[in-house]
$ cat final-v8.pdb   # PDB, C-alpha atoms
ATOM      1  CA  MET F  19      22.997  32.360 -11.278
ATOM      2  CA  SER F  20      20.289  32.934  -8.681
ATOM      3  CA  LYS F  21      19.500  30.286  -6.094
ATOM      4  CA  ARG F  22      16.338  28.220  -6.382
ATOM      5  CA  ALA F  23      14.288  27.283  -3.343
ATOM      6  CA  LEU F  24      11.403  24.859  -3.023
ATOM      7  CA  ILE F  25       8.846  25.582  -0.299
ATOM      8  CA  THR F  26       6.324  22.948   0.730
ATOM      9  CA  GLY F  27       3.318  24.525   2.415
ATOM     10  CA  ILE F  28       3.819  27.777   0.501
ATOM     11  CA  THR F  29       0.123  28.682   0.768
ATOM     12  CA  GLY F  30       0.328  28.801   4.577
ATOM     13  CA  GLN F  31       1.289  31.650   6.877
ATOM     14  CA  ASP F  32       4.992  30.806   7.060
ATOM     15  CA  GLY F  33       5.221  29.843   3.401
ATOM     16  CA  SER F  34       3.940  33.235   2.283
ATOM     17  CA  TYR F  35       6.344  35.198   4.486
ATOM     18  CA  LEU F  36       9.271  32.957   3.508
ATOM     19  CA  ALA F  37       8.475  33.360  -0.197
ATOM     20  CA  GLU F  38       8.552  37.150   0.232
ATOM     21  CA  LEU F  39      11.910  36.983   2.020
ATOM     22  CA  LEU F  40      13.509  34.667  -0.549
ATOM     23  CA  LEU F  41      12.307  36.794  -3.451
ATOM     24  CA  ALA F  42      13.824  39.839  -1.750
ATOM     25  CA  GLU F  43      17.089  37.883  -1.478
ATOM     26  CA  GLY F  44      17.064  37.228  -5.230
ATOM     27  CA  TYR F  45      15.880  33.603  -5.198
ATOM     28  CA  GLU F  46      13.797  31.803  -7.768
ATOM     29  CA  VAL F  47      10.922  30.422  -5.669
ATOM     30  CA  ILE F  48       8.990  27.227  -6.377
ATOM     31  CA  GLY F  49       5.997  26.382  -4.211
ATOM     32  CA  MET F  50       4.728  22.824  -3.853
ATOM     33  CA  VAL F  51       0.947  22.647  -3.724
ATOM     34  CA  ARG F  52      -1.079  19.529  -2.970
ATOM     35  CA  ARG F  53      -3.827  18.894  -5.508
ATOM     36  CA  SER F  54      -7.140  19.702  -3.839
ATOM     37  CA  SER F  55     -10.455  21.217  -4.775
ATOM     38  CA  THR F  56     -10.180  23.595  -1.810
ATOM     39  CA  VAL F  57      -6.631  24.956  -2.177
ATOM     40  CA  THR F  58      -6.539  28.674  -1.426
ATOM     41  CA  PHE F  59      -3.862  31.012  -2.750
ATOM     42  CA  GLU F  60      -5.091  33.964  -0.689
ATOM     43  CA  ARG F  61      -1.840  34.424   1.247
ATOM     44  CA  ILE F  62       0.365  34.324  -1.872
ATOM     45  CA  ALA F  63      -1.979  35.999  -4.369
ATOM     46  CA  HIS F  64       0.262  39.074  -4.458
ATOM     47  CA  LEU F  65       3.262  36.869  -5.350
ATOM     48  CA  GLN F  66       1.797  34.587  -7.999
ATOM     49  CA  ASP F  67       3.375  36.412 -10.941
ATOM     50  CA  ARG F  68       6.801  36.000  -9.287
ATOM     51  CA  ILE F  69       6.728  32.378  -8.104
ATOM     52  CA  ALA F  70       6.016  28.994  -9.665
ATOM     53  CA  THR F  71       3.471  26.701  -8.005
ATOM     54  CA  VAL F  72       3.820  23.034  -8.847
ATOM     55  CA  PRO F  73       1.915  19.891  -7.773
ATOM     56  CA  GLY F  74       3.371  17.524  -5.191
ATOM     57  CA  ASP F  75       2.333  15.665  -2.060
ATOM     58  CA  LEU F  76       4.153  14.603   1.106
ATOM     59  CA  LEU F  77       2.117  11.377   0.937
ATOM     60  CA  ASP F  78       3.591  10.503  -2.492
ATOM     61  CA  GLN F  79       7.363  10.069  -2.648
ATOM     62  CA  ALA F  80       7.388   9.619  -6.423
ATOM     63  CA  SER F  81       5.961  13.118  -6.885
ATOM     64  CA  LEU F  82       8.661  14.523  -4.599
ATOM     65  CA  ILE F  83      11.491  12.829  -6.498
ATOM     66  CA  GLU F  84      10.100  14.029  -9.826
ATOM     67  CA  LEU F  85       9.720  17.554  -8.499
ATOM     68  CA  LEU F  86      13.320  17.701  -7.256
ATOM     69  CA  ARG F  87      14.710  16.266 -10.477
ATOM     70  CA  THR F  88      12.701  18.684 -12.602
ATOM     71  CA  TYR F  89      13.296  21.948 -10.740
ATOM     72  CA  LYS F  90      16.700  21.213  -9.141
ATOM     73  CA  PRO F  91      16.365  23.458  -6.066
ATOM     74  CA  HIS F  92      19.405  24.430  -4.025
ATOM     75  CA  GLU F  93      17.326  24.651  -0.843
ATOM     76  CA  VAL F  94      14.148  22.907   0.329
ATOM     77  CA  TYR F  95      12.007  24.304   3.161
ATOM     78  CA  ASN F  96       9.523  21.737   4.457
ATOM     79  CA  LEU F  97       6.711  23.771   6.009
ATOM     80  CA  ALA F  98       3.825  21.523   4.955
ATOM     81  CA  ALA F  99       2.032  19.573   7.685
ATOM     82  CA  GLN F 100      -1.283  18.816   9.300
ATOM     83  CA  SER F 101      -0.487  21.614  11.715
ATOM     84  CA  PHE F 102      -3.592  22.123  13.862
ATOM     85  CA  VAL F 103      -3.053  20.481  17.248
ATOM     86  CA  GLN F 104      -6.762  20.015  18.045
ATOM     87  CA  THR F 105      -7.368  18.245  14.712
ATOM     88  CA  SER F 106      -4.492  15.858  15.405
ATOM     89  CA  PHE F 107      -6.542  14.265  18.194
ATOM     90  CA  THR F 108      -9.385  13.452  15.782
ATOM     91  CA  GLN F 109      -7.118  12.609  12.816
ATOM     92  CA  PRO F 110      -4.032  11.072  14.441
ATOM     93  CA  VAL F 111      -3.157   8.654  11.636
ATOM     94  CA  LEU F 112      -3.311  11.316   8.923
ATOM     95  CA  THR F 113      -1.291  13.659  11.124
ATOM     96  CA  GLY F 114       1.384  10.992  11.602
ATOM     97  CA  ASP F 115       1.504  10.201   7.897
ATOM     98  CA  VAL F 116       1.826  13.804   6.718
ATOM     99  CA  THR F 117       3.606  15.541   9.591
ATOM    100  CA  GLY F 118       5.876  12.616  10.512
ATOM    101  CA  LEU F 119       6.416  10.194   7.634
ATOM    102  CA  GLY F 120       6.114  13.009   5.096
ATOM    103  CA  VAL F 121       9.469  14.300   6.342
ATOM    104  CA  THR F 122      11.066  10.926   5.639
ATOM    105  CA  ARG F 123       9.675  10.903   2.109
ATOM    106  CA  ILE F 124      11.126  14.281   1.235
ATOM    107  CA  LEU F 125      14.473  13.559   2.909
ATOM    108  CA  ASP F 126      14.753  10.295   0.993
ATOM    109  CA  ALA F 127      13.793  12.079  -2.220
ATOM    110  CA  ILE F 128      16.694  14.477  -1.589
ATOM    111  CA  ARG F 129      19.048  11.565  -0.865
ATOM    112  CA  ILE F 130      18.042   9.911  -4.139
ATOM    113  CA  SER F 131      17.833  13.021  -6.326
ATOM    114  CA  ASP F 132      20.576  15.384  -5.107
ATOM    115  CA  PRO F 133      22.251  15.012  -1.693
ATOM    116  CA  ASP F 134      23.743  18.516  -2.042
ATOM    117  CA  ILE F 135      20.324  20.133  -1.518
ATOM    118  CA  ARG F 136      20.105  22.004   1.787
ATOM    119  CA  PHE F 137      17.015  21.019   3.786
ATOM    120  CA  TYR F 138      15.031  22.848   6.456
ATOM    121  CA  GLN F 139      12.537  20.969   8.635
ATOM    122  CA  ALA F 140       9.878  22.915  10.522
ATOM    123  CA  SER F 141      10.068  21.419  13.995
ATOM    124  CA  SER F 142       7.800  22.707  16.753
ATOM    125  CA  SER F 143       7.797  23.739  20.394
ATOM    126  CA  GLU F 144       4.863  21.329  20.791
ATOM    127  CA  MET F 145       7.535  18.603  20.875
ATOM    128  CA  PHE F 146       8.426  19.760  24.412
ATOM    129  CA  GLY F 147       4.829  19.259  25.541
ATOM    130  CA  LYS F 148       4.854  18.437  29.253
ATOM    131  CA  VAL F 149       8.034  20.404  29.752
ATOM    132  CA  VAL F 150      10.793  19.010  31.943
ATOM    133  CA  GLU F 151      12.708  22.310  32.221
ATOM    134  CA  VAL F 152      12.092  26.026  31.759
ATOM    135  CA  PRO F 153      13.058  27.596  29.423
ATOM    136  CA  GLN F 154      13.332  24.998  26.671
ATOM    137  CA  SER F 155      16.520  24.782  24.605
ATOM    138  CA  GLU F 156      17.963  22.542  21.899
ATOM    139  CA  THR F 157      19.001  19.986  24.553
ATOM    140  CA  THR F 158      15.711  19.871  26.496
ATOM    141  CA  PRO F 159      14.194  16.347  26.521
ATOM    142  CA  LEU F 160      11.029  16.002  24.428
ATOM    143  CA  TYR F 161       7.672  15.024  25.932
ATOM    144  CA  PRO F 162       4.926  15.637  23.335
ATOM    145  CA  ARG F 163       1.301  15.805  24.475
ATOM    146  CA  SER F 164      -0.596  15.493  21.192
ATOM    147  CA  PRO F 165      -0.462  13.356  18.028
ATOM    148  CA  TYR F 166       0.805  16.491  16.279
ATOM    149  CA  GLY F 167       3.641  16.863  18.791
ATOM    150  CA  VAL F 168       4.515  13.166  18.482
ATOM    151  CA  ALA F 169       4.592  13.426  14.677
ATOM    152  CA  LYS F 170       6.817  16.498  14.881
ATOM    153  CA  VAL F 171       9.223  14.579  17.156
ATOM    154  CA  TYR F 172       9.477  11.865  14.504
ATOM    155  CA  GLY F 173      10.084  14.459  11.783
ATOM    156  CA  HIS F 174      12.725  16.132  13.930
ATOM    157  CA  TRP F 175      14.686  12.984  14.704
ATOM    158  CA  ILE F 176      14.472  11.561  11.186
ATOM    159  CA  THR F 177      16.034  14.833  10.015
ATOM    160  CA  VAL F 178      18.884  14.337  12.492
ATOM    161  CA  ASN F 179      19.195  10.709  11.373
ATOM    162  CA  TYR F 180      19.480  11.569   7.662
ATOM    163  CA  ARG F 181      21.978  14.323   8.451
ATOM    164  CA  GLU F 182      24.185  11.884  10.347
ATOM    165  CA  SER F 183      23.621   8.857   8.097
ATOM    166  CA  TYR F 184      23.929  10.478   4.670
ATOM    167  CA  ASP F 185      25.850  13.693   5.422
ATOM    168  CA  LEU F 186      22.951  15.865   4.287
ATOM    169  CA  HIS F 187      22.844  19.567   5.100
ATOM    170  CA  ALA F 188      19.599  19.026   7.038
ATOM    171  CA  THR F 189      18.530  21.402   9.790
ATOM    172  CA  SER F 190      15.533  21.557  12.118
ATOM    173  CA  GLY F 191      14.233  24.864  13.406
ATOM    174  CA  ILE F 192      12.376  24.326  16.675
ATOM    175  CA  LEU F 193      10.032  27.263  16.320
ATOM    176  CA  PHE F 194       7.872  28.426  19.178
ATOM    177  CA  ASN F 195       4.427  29.874  18.446
ATOM    178  CA  HIS F 196       4.621  32.509  15.745
ATOM    179  CA  GLU F 197       1.599  34.479  14.629
ATOM    180  CA  SER F 198       0.522  37.174  12.177
ATOM    181  CA  PRO F 199      -2.550  38.580  10.429
ATOM    182  CA  ARG F 200      -2.123  35.658   8.003
ATOM    183  CA  ARG F 201      -2.680  33.048  10.722
ATOM    184  CA  GLY F 202      -5.578  30.659  10.090
ATOM    185  CA  LEU F 203      -8.835  31.319  11.916
ATOM    186  CA  GLU F 204      -8.655  27.896  13.606
ATOM    187  CA  PHE F 205      -5.673  29.025  15.713
ATOM    188  CA  VAL F 206      -6.479  30.644  19.053
ATOM    189  CA  THR F 207      -4.550  33.873  18.439
ATOM    190  CA  ARG F 208      -6.329  34.664  15.185
ATOM    191  CA  LYS F 209      -9.609  33.408  16.640
ATOM    192  CA  ILE F 210      -9.209  36.040  19.353
ATOM    193  CA  SER F 211      -8.153  38.919  17.092
ATOM    194  CA  ASN F 212     -10.947  38.160  14.628
ATOM    195  CA  ALA F 213     -13.560  37.933  17.389
ATOM    196  CA  VAL F 214     -12.383  41.203  18.939
ATOM    197  CA  ALA F 215     -12.837  42.937  15.588
ATOM    198  CA  LYS F 216     -16.289  41.387  15.127
ATOM    199  CA  ILE F 217     -17.396  42.410  18.625
ATOM    200  CA  LYS F 218     -16.076  45.949  18.151
ATOM    201  CA  LEU F 219     -17.965  46.218  14.847
ATOM    202  CA  GLY F 220     -21.177  44.851  16.386
ATOM    203  CA  MET F 221     -21.123  41.611  14.385
ATOM    204  CA  THR F 222     -21.152  39.324  17.452
ATOM    205  CA  ASN F 223     -20.966  39.642  21.228
ATOM    206  CA  GLU F 224     -19.066  36.629  22.596
ATOM    207  CA  LEU F 225     -15.942  34.555  22.122
ATOM    208  CA  ARG F 226     -15.821  30.941  23.303
ATOM    209  CA  LEU F 227     -12.394  29.690  24.404
ATOM    210  CA  GLY F 228     -10.852  26.820  26.347
ATOM    211  CA  ASN F 229      -7.917  27.069  28.768
ATOM    212  CA  LEU F 230      -7.135  30.746  29.352
ATOM    213  CA  ASP F 231      -4.194  29.891  31.598
ATOM    214  CA  ALA F 232      -2.165  28.037  28.938
ATOM    215  CA  LYS F 233       1.080  29.948  28.382
ATOM    216  CA  ARG F 234       2.990  30.296  25.131
ATOM    217  CA  ASP F 235       6.047  32.052  23.738
ATOM    218  CA  TRP F 236       4.503  34.114  20.916
ATOM    219  CA  GLY F 237       6.466  35.902  18.190
ATOM    220  CA  PHE F 238       5.881  37.343  14.720
ATOM    221  CA  ALA F 239       5.980  34.893  11.803
ATOM    222  CA  GLY F 240       7.758  37.414   9.579
ATOM    223  CA  ASP F 241      10.693  37.396  12.018
ATOM    224  CA  TYR F 242      10.784  33.619  12.279
ATOM    225  CA  VAL F 243      11.114  32.852   8.574
ATOM    226  CA  ARG F 244      14.329  34.868   8.499
ATOM    227  CA  ALA F 245      15.724  32.449  11.083
ATOM    228  CA  MET F 246      14.819  29.556   8.745
ATOM    229  CA  TRP F 247      16.772  31.137   5.916
ATOM    230  CA  LEU F 248      19.763  31.955   8.131
ATOM    231  CA  MET F 249      19.986  28.300   9.198
ATOM    232  CA  LEU F 250      20.513  27.131   5.619
ATOM    233  CA  GLN F 251      23.239  29.736   5.046
ATOM    234  CA  GLN F 252      25.454  28.152   7.723
ATOM    235  CA  ASP F 253      28.402  25.958   6.745
ATOM    236  CA  THR F 254      27.429  23.285   9.262
ATOM    237  CA  PRO F 255      23.827  22.087   9.725
ATOM    238  CA  GLU F 256      22.582  22.249  13.309
ATOM    239  CA  ASP F 257      19.260  22.559  15.108
ATOM    240  CA  TYR F 258      18.051  25.830  16.616
ATOM    241  CA  VAL F 259      15.324  27.005  18.983
ATOM    242  CA  VAL F 260      13.613  30.127  17.629
ATOM    243  CA  ALA F 261      11.646  32.026  20.281
ATOM    244  CA  THR F 262      11.291  35.360  22.053
ATOM    245  CA  GLY F 263      12.209  34.041  25.502
ATOM    246  CA  GLU F 264       8.987  35.485  26.959
ATOM    247  CA  THR F 265       5.808  33.641  27.886
ATOM    248  CA  HIS F 266       2.256  34.987  28.013
ATOM    249  CA  SER F 267      -1.071  33.347  28.789
ATOM    250  CA  VAL F 268      -4.109  33.162  26.527
ATOM    251  CA  ARG F 269      -5.762  35.384  29.130
ATOM    252  CA  GLU F 270      -3.057  38.049  28.619
ATOM    253  CA  PHE F 271      -3.569  37.810  24.860
ATOM    254  CA  CYS F 272      -7.273  38.494  25.418
ATOM    255  CA  GLU F 273      -6.567  41.385  27.778
ATOM    256  CA  VAL F 274      -4.330  43.142  25.248
ATOM    257  CA  ALA F 275      -6.551  42.385  22.242
ATOM    258  CA  PHE F 276      -9.812  43.536  23.819
ATOM    259  CA  GLY F 277      -8.125  46.421  25.608
ATOM    260  CA  HIS F 278      -6.754  47.702  22.290
ATOM    261  CA  VAL F 279     -10.324  48.508  21.169
ATOM    262  CA  GLY F 280     -11.516  49.730  24.573
ATOM    263  CA  LEU F 281     -13.284  46.547  25.673
ATOM    264  CA  ASP F 282     -12.992  44.248  28.720
ATOM    265  CA  TYR F 283     -12.479  40.630  27.726
ATOM    266  CA  GLN F 284     -14.366  39.421  30.811
ATOM    267  CA  ASN F 285     -17.579  40.822  29.350
ATOM    268  CA  HIS F 286     -17.281  38.748  26.190
ATOM    269  CA  VAL F 287     -15.154  35.606  26.701
ATOM    270  CA  VAL F 288     -17.031  32.412  27.606
ATOM    271  CA  ILE F 289     -15.115  29.343  28.824
ATOM    272  CA  ASP F 290     -16.179  26.285  26.830
ATOM    273  CA  GLU F 291     -14.845  22.844  27.804
ATOM    274  CA  ALA F 292     -15.258  21.735  24.175
ATOM    275  CA  PHE F 293     -12.064  23.661  23.425
ATOM    276  CA  TYR F 294      -9.922  21.920  26.049
ATOM    277  CA  ARG F 295      -7.394  19.401  24.727
ATOM    278  CA  PRO F 296      -7.402  15.788  25.978
ATOM    279  CA  ALA F 297      -3.811  16.384  27.133
ATOM    280  CA  GLU F 298      -2.917  20.026  27.715
ATOM    281  CA  VAL F 299       0.423  21.770  27.233
ATOM    282  CA  ASP F 300       0.529  24.322  30.021
ATOM    283  CA  LEU F 301       3.773  26.282  29.620
ATOM    284  CA  LEU F 302       6.118  26.854  26.698
ATOM    285  CA  VAL F 303       8.955  29.384  26.657
ATOM    286  CA  GLY F 304      12.052  29.068  24.518
ATOM    287  CA  ASP F 305      15.715  29.889  25.026
ATOM    288  CA  PRO F 306      16.848  31.552  21.758
ATOM    289  CA  ALA F 307      20.472  32.078  22.865
ATOM    290  CA  LYS F 308      21.982  29.736  20.261
ATOM    291  CA  ALA F 309      20.067  31.378  17.405
ATOM    292  CA  ALA F 310      21.171  34.792  18.658
ATOM    293  CA  ASN F 311      24.824  33.801  19.063
ATOM    294  CA  GLN F 312      25.321  31.675  15.935
ATOM    295  CA  LEU F 313      22.804  33.124  13.491
ATOM    296  CA  GLY F 314      22.705  36.702  14.740
ATOM    297  CA  TRP F 315      18.906  36.395  14.908
ATOM    298  CA  THR F 316      16.696  38.371  17.270
ATOM    299  CA  PRO F 317      12.944  39.085  17.064
ATOM    300  CA  SER F 318      11.860  42.589  16.039
ATOM    301  CA  VAL F 319       8.164  42.502  17.052
ATOM    302  CA  GLY F 320       7.163  42.330  20.721
ATOM    303  CA  PHE F 321       4.106  40.640  22.230
ATOM    304  CA  GLU F 322       1.802  43.652  22.543
ATOM    305  CA  ASP F 323       2.735  44.943  19.079
ATOM    306  CA  LEU F 324       1.976  41.514  17.633
ATOM    307  CA  VAL F 325      -1.450  41.353  19.278
ATOM    308  CA  THR F 326      -2.450  44.862  18.228
ATOM    309  CA  MET F 327      -1.141  44.264  14.690
ATOM    310  CA  MET F 328      -3.462  41.259  14.371
ATOM    311  CA  VAL F 329      -6.476  43.085  15.809
ATOM    312  CA  ASP F 330      -5.939  46.089  13.518
ATOM    313  CA  ALA F 331      -5.618  43.824  10.478
ATOM    314  CA  ASP F 332      -8.883  42.051  11.298
ATOM    315  CA  LEU F 333     -10.638  45.373  11.895
ATOM    316  CA  ASP F 334      -9.502  46.539   8.456
ATOM    317  CA  LEU F 335     -10.508  43.251   6.837
ATOM    318  CA  LEU F 336     -13.971  43.096   8.382
ATOM    319  CA  SER F 337     -14.651  46.812   7.974
ATOM    320  CA  GLY F 338     -13.915  46.408   4.274
ATOM    321  CA  LYS F 339     -16.316  43.498   4.014
ATOM    322  CA  LEU F 340     -19.039  45.454   5.816
ATOM    323  CA  SER F 341     -18.501  48.436   3.527
ATOM    324  CA  SER F 342     -18.894  46.250   0.442
ATOM    325  CA  LEU F 343     -22.287  45.073   1.710
ATOM    326  CA  THR F 344     -23.692  48.583   2.180
TER     327      THR F 344
END
$ encode --input "final-v8.pdb" --output "structure tokens"
Amino acid sequence: MSKRALITGITGQDGSYLAELLLAEGYEVIGMVRRSSTVTFERIAHLQDRIATVPGDLLDQASLIELLRTYKPHEVYNLAAQSFVQTSFTQPVLTGDVTGLGVTRILDAIRISDPDIRFYQASSSEMFGKVVEVPQSETTPLYPRSPYGVAKVYGHWITVNYRESYDLHATSGILFNHESPRRGLEFVTRKISNAVAKIKLGMTNELRLGNLDAKRDWGFAGDYVRAMWLMLQQDTPEDYVVATGETHSVREFCEVAFGHVGLDYQNHVVIDEAFYRPAEVDLLVGDPAKAANQLGWTPSVGFEDLVTMMVDADLDLLSGKLSSLT
């Protein structure tokens, strides 16, 4: 009998890559989708004849219990969240309810419905925030600098609490920034790659950004979902940092992206204070040693390859749209 997995947030970047991986591993995949008039299935359109999408909401525990009892998954991957850091400053209560308390609701639904379900919680490097050591590992103290980071800290520790209180196989993956051509346009990496393509194609001439000196540990989302899956295959649930161990600035991202199409970012990037955060996270870089040693996980896509992959994908996407208009 094949395994069944439930993915919350299946329509997002990570959800789509994880669904592909699980299908390749022979799983039956169920995707939880929140009822909304604006739900987009763009990232999983190529999978829709192979997966089941079912209604559910992290704000509604009854729907989660019913979903688990109906579909009886062996594994649950909680990827759903209000995941845009900038938005968390303007919608802090919603962010806390979905990204923080939503984890409690699904953990309690597992406790009530079937405590044998293996659970993955998508924790975040944003929990480290104003970092107290470099690089950051599983034992680094947390110091979040945004409502999103604070909510992720709650979700992380409630996962630990349910694991220790109810003997659940509950694991948190502390994932550092992971990107791809499927990243939303509101995120700075995709904002850059999309703007580079537009500038190269003559569709615009400038890109407005905030802090170019912020540094992040960027990897490829397709690599990172494999780490999620490997965590739930372990006999003992533990928490893992997933990262490349390298850090690069937003400025470096711009240099590589613009340089890939023969442009100089300094001729097009405009610093706009509107894009600065009220409390900035300046430097994130993870220590992936535990994931490498215990899971056998290492990233396969380097920084420059990731950046150029995203730029090329946006060039193809926008060139296709321009062609359809002519």
$ resolve_selection --input "final-v8.pdb" --expression "the PyMOL selection byres ((chain F and resi 48) around 12)" --output "VMD selection string"
chain F and resid 21 to 29 33 to 34 36 to 38 40 to 41 45 to 47 49 to 51 65 to 74 85 to 86 88 to 95
$ resolve_selection --input "final-v8.pdb" --expression "the PyMOL selection byres ((chain F and resi 82) around 10)" --output "VMD selection string"
chain F and resid 50 73 to 81 83 to 88 123 to 128 131
$ closest_residue --input "final-v8.pdb" --among "F:Val260, F:Val329, F:Val111, F:Met246" --to "Asp32 (chain F)" --atoms "all atoms listed in the file"
F:Met246
$ closest_residue --input "final-v8.pdb" --among "F:Val279, F:Leu119, F:Met249, F:Val243" --to "His187 (chain F)" --atoms "all atoms listed in the file"
F:Met249
$ closest_residue --input "final-v8.pdb" --among "F:Gly263, F:Pro255, F:Gly220, F:Gly114" --to "Thr177 (chain F)" --atoms "all atoms listed in the file"
F:Pro255
$ closest_residue --input "final-v8.pdb" --among "F:Leu333, F:Val259, F:Ile210, F:Leu343" --to "Arg226 (chain F)" --atoms "only C-alpha atoms"
F:Ile210
$ resolve_selection --input "final-v8.pdb" --expression "the PyMOL selection byres ((chain F and resi 336-338) around 12)" --output "list of chain:residue names"
F:Ser211, F:Asn212, F:Ala213, F:Val214, F:Ala215, F:Lys216, F:Ile217, F:Lys218, F:Leu219, F:Gly220, F:Met221, F:Val329, F:Asp330, F:Ala331, F:Asp332, F:Leu333, F:Asp334, F:Leu335, F:Lys339, F:Leu340, F:Ser341, F:Ser342, F:Leu343, F:Thr344
$ atom_distance --input "final-v8.pdb" --atom1 "CA of His286 (chain F)" --atom2 "CA of Val268 (chain F)"
14.3 Å
$ residues_around --input "final-v8.pdb" --residues "Val168 (chain F)" --least-positions-apart "3" --cutoff "9 Å" --atoms "only C-alpha atoms" --output "list in words"
Gly114, Gly118, Glu144, Met145, Tyr161, Pro162, Arg163, Ser164, Pro165, Val171, Tyr172 and Gly173 of chain F
$ atom_distance --input "final-v8.pdb" --atom1 "CA of Val287 (chain F)" --atom2 "CA of Glu224 (chain F)"
5.8 Å
$ atom_distance --input "final-v8.pdb" --atom1 "CA of Val116 (chain F)" --atom2 "CA of Ala98 (chain F)"
8.2 Å
$ closest_residue --input "final-v8.pdb" --among "F:Phe59, F:Leu281, F:Asp253, F:Glu291" --to "Gln312 (chain F)" --atoms "only C-alpha atoms"
F:Asp253
